[in-house]
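Trainee: The following block contains the structure, expressed as structure tokens.
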Amino acid sequence: MNRRVAVIDVGSISIKALVAGPDNTGRDLVNLFEATREVRMSKGISGHPPVLAEDRIRAGAESVAGLLKECEEHGPLEAVRIVATSAVRSAANGGEFVKAVERSTGLGLSILSGDEEAEAIAMGVLTDPAVGHSLSKLTVFDLGGGSLELIRFEEEQMTQRCSLPLGSVRLTERFVRDPRKPFSSEEQGELNRHLESSIVGSIHPLEGPLVGCSGG
């Protein structure tokens, strides 16, 4: 039976879709389709309180609907999962985006908690044999537009995880006064102090080797 599943991930910068199905042997999953649309859901997310811009809600819902249609063009889907991460999770009006997606697709959207996001990243990292079976201890960091996830592994087991509001878009809006100009030493100092105070103490021990990834 040619069973296919699809996942659509609404990140802070981009929205990604993946369709997977069994290979010719039926024993392993392979990627059948991948697509990415840059939407920048996190524009304005550094406000107090953080909110999603109305035009981003519309663009995001339209992109999810478009990606779902593209996924369905690759054959019948047994299951579809639509998830959202930091930008929607932290926004005071994140529920409006959830409703917009439901209207445009007829499907529900799940907002992952910080722990759930970190666990999903951990599961993905361990599928890489160069990481999961080669390093006895490591710290993984995943940098997105809205958040930074830190995951500690020891003997292929996840021992600690956390999600911090240190994404690239969030930090740029807060610390860079004019993105068109070079990054000043004053801005760099403020950012470094903020990063140090936020990261130190989040994971113990915070030590190498570090394995980084980024999706947005």
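Please note that chains go A, B, ... in the order of the structure tokens, that every chain numbers its residues from 1, and that ligands are numbered from 1 in the order shown.
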Name all residues at most 8 Å from region 77-81 of chain A (count only C-alpha atoms; drop same-chain ones fewer than 5 positions away) and give them as a PyMOL selection string.
Mentor: chain A and resi 3-8+72+109
Trainee: Run DSSP on the backbone and tell me which residues of chain A come out as helix (DSSP H, G or I); list them as a VMD selection string.
Mentor: chain A and resid 54 to 72 86 to 90 94 to 105 114 to 126 129 to 132 168 to 175 185 to 199
Trainee: For Arg161 (chain A), please output as a PyMOL selection string all residues within 7 Å (counting only C-alpha atoms; exclusion window: fewer than 5 positions along the same chain).
Mentor: chain A and resi 115+118+150-152
Trainee: Quick one: write out the picked residues with N, CA, C and O atoms as a tab-separated table (two decimals), in the first residue's frame?
Mentor:
```
chain	number	residue	atom	x	y	z
A	115	ASP	N	8.75	22.98	24.40
A	115	ASP	CA	9.29	21.63	24.63
A	115	ASP	C	8.99	20.71	23.46
A	115	ASP	O	9.85	19.91	23.04
A	118	ALA	N	11.34	21.56	20.62
A	118	ALA	CA	12.69	21.06	20.88
A	118	ALA	C	12.76	19.55	20.69
A	118	ALA	O	13.74	19.02	20.14
A	150	LEU	N	17.63	24.83	22.42
A	150	LEU	CA	18.85	24.17	22.87
A	150	LEU	C	18.50	22.79	23.38
A	150	LEU	O	17.57	22.64	24.20
A	151	ILE	N	19.21	21.78	22.90
A	151	ILE	CA	18.94	20.40	23.30
A	151	ILE	C	20.26	19.72	23.64
A	151	ILE	O	21.20	19.75	22.84
A	152	ARG	N	20.32	19.11	24.80
A	152	ARG	CA	21.52	18.41	25.25
A	152	ARG	C	21.33	16.91	25.12
A	152	ARG	O	20.31	16.35	25.55
```
Trainee: If we count only C-alpha atoms, what is near Val51 (chain A) at a cut-off of 10 Å, once residues fewer than 2 positions away on the same chain are taken out, given as a VMD selection string?
Mentor: chain A and resid 41 to 49 53 to 54 87 to 88 90 to 94
Trainee: I want to know what sits within 12 Å of Asp23 (chain A), based on only C-alpha atoms, with residues of the same chain fewer than 2 positions away left out; could you give that as a list in words?
Mentor: Met1, Asn2, Arg3, Arg4, Ala20, Gly21, Thr25, Gly26, Arg27, Asp28, Leu29, Val30, Asn31 and Leu32 of chain A
Trainee: Those same residues - C-alpha atoms - I'd like them written as a CSV table (one decimal), in the first residue's frame.
Mentor:
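See again18.csv below for the written result:
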```
chain,number,residue,atom,x,y,z
A,1,MET,CA,0.0,0.0,0.0
A,2,ASN,CA,1.5,3.4,-1.0
A,3,ARG,CA,0.8,5.3,2.1
A,4,ARG,CA,1.8,9.0,2.1
A,20,ALA,CA,6.9,11.3,2.7
A,21,GLY,CA,6.1,7.8,1.8
A,25,THR,CA,11.0,-2.0,-0.2
A,26,GLY,CA,8.3,-0.6,2.0
A,27,ARG,CA,10.7,-0.6,5.0
A,28,ASP,CA,11.9,3.0,4.9
A,29,LEU,CA,10.4,6.4,4.5
A,30,VAL,CA,11.6,8.7,1.7
A,31,ASN,CA,10.9,12.3,0.8
A,32,LEU,CA,8.5,12.6,-2.1
```
Trainee: For Ser136 (chain A), list every protein, DNA or RNA residue within 7 Å, evaluated using only C-alpha atoms, and leave out those in the same chain fewer than 4 positions away; present the list as a PyMOL selection string.
Mentor: chain A and resi 154-156
Trainee: Can you write out the residues you just picked, keeping N, CA, C and O atoms, as a PDB file, in the first residue's frame?
Mentor:
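Final file, result.pdb:
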```pdb
ATOM      1  N   GLU A 154      23.236  13.031  25.681  1.00  0.00           N
ATOM      2  CA  GLU A 154      24.298  12.224  26.265  1.00  0.00           C
ATOM      3  C   GLU A 154      23.975  10.766  25.984  1.00  0.00           C
ATOM      4  O   GLU A 154      22.893  10.285  26.332  1.00  0.00           O
ATOM      5  N   GLU A 155      24.912  10.085  25.309  1.00  0.00           N
ATOM      6  CA  GLU A 155      24.741   8.675  24.926  1.00  0.00           C
ATOM      7  C   GLU A 155      23.442   8.477  24.140  1.00  0.00           C
ATOM      8  O   GLU A 155      22.667   7.561  24.411  1.00  0.00           O
ATOM      9  N   GLU A 156      23.222   9.348  23.154  1.00  0.00           N
ATOM     10  CA  GLU A 156      22.075   9.288  22.248  1.00  0.00           C
ATOM     11  C   GLU A 156      20.741   9.506  22.948  1.00  0.00           C
ATOM     12  O   GLU A 156      19.672   9.257  22.369  1.00  0.00           O
TER      13      GLU A 156
END
```
Trainee: Excluding Leu206 (chain A) and its own-chain neighbours fewer than 5 positions away, which residues fall within 12 Å of it when counting only C-alpha atoms? Please give them as a ChimeraX atom specification.
Mentor: /A:137-141,150-153,159-162,196,199-201
Trainee: A:Leu171, A:Met158, A:Glu186, A:Val101: which is nearest Ala120 (chain A), counting only C-alpha atoms?
Mentor: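 Smallest separation from Ala120 (chain A) among the options: A:Met158.
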Trainee: Would you list, as an MDAnalysis selection string, the residues of region 42-212 of chain A that end up in strand (DSSP E or B) under DSSP run on this structure's backbone?
Mentor: chainID A and resid 79:84 110:111 137:143 148:154 157:164 210:212
Trainee: Output C-alpha atoms for every residue in that selection, as a compact mmCIF listing (two decimals), in the first residue's frame.
Mentor:
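Result written to out18.txt:
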```
# COMPACT_ATOMS: atom_id res chain seq x y z
CA ALA A 79 -2.57 11.93 7.11
CA VAL A 80 -1.77 15.65 7.16
CA ARG A 81 -0.32 17.56 10.11
CA ILE A 82 -0.13 21.36 10.17
CA VAL A 83 1.94 22.86 13.01
CA ALA A 84 3.14 26.31 14.03
CA SER A 110 -1.53 22.65 16.21
CA ILE A 111 0.67 25.20 17.99
CA LYS A 137 27.75 13.97 24.12
CA LEU A 138 26.66 17.06 22.22
CA THR A 139 24.51 20.18 22.39
CA VAL A 140 22.20 20.99 19.49
CA PHE A 141 21.01 24.52 18.78
CA ASP A 142 18.31 25.41 16.27
CA LEU A 143 18.00 29.08 15.33
CA LEU A 148 16.37 29.44 19.75
CA GLU A 149 16.09 25.82 20.87
CA LEU A 150 18.85 24.17 22.87
CA ILE A 151 18.94 20.40 23.30
CA ARG A 152 21.52 18.41 25.25
CA PHE A 153 22.30 14.78 24.32
CA GLU A 154 24.30 12.22 26.27
CA GLN A 157 19.54 10.29 24.89
CA MET A 158 18.05 13.77 25.21
CA THR A 159 18.79 14.92 28.76
CA GLN A 160 17.75 18.59 28.62
CA ARG A 161 15.85 20.91 26.30
CA CYS A 162 14.66 24.49 26.29
CA SER A 163 13.21 27.09 23.94
CA LEU A 164 14.33 30.72 24.29
CA LEU A 210 27.82 22.10 19.21
CA VAL A 211 25.65 21.00 16.31
CA GLY A 212 23.70 23.82 14.72
```
Trainee: In terms of the shortest atom-to-atom distance over only C-alpha atoms, which of A:Leu195, A:Ala17, A:Asn24, A:Glu119 is closest to Lys69 (chain A)?
Mentor: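 Distance minimum relative to Lys69 (chain A) lands on A:Ala17.
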Trainee: For CA of Pro179 (chain A) and CA of Glu38 (chain A), quote the distance in Å rounded to one decimal.
Mentor: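 CA of Glu38 (chain A) lies 18.9 Å from CA of Pro179 (chain A).
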Trainee: Interatomic distance between CA of Thr36 (chain A) and CA of Arg56 (chain A)?
Mentor: 15.8 Å
Trainee: What is the CA of Asp9 (chain A)-CA of Thr85 (chain A) distance in Å, reported with one decimal?
Mentor: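 Distance reported for this atom pair: 7.8 Å.
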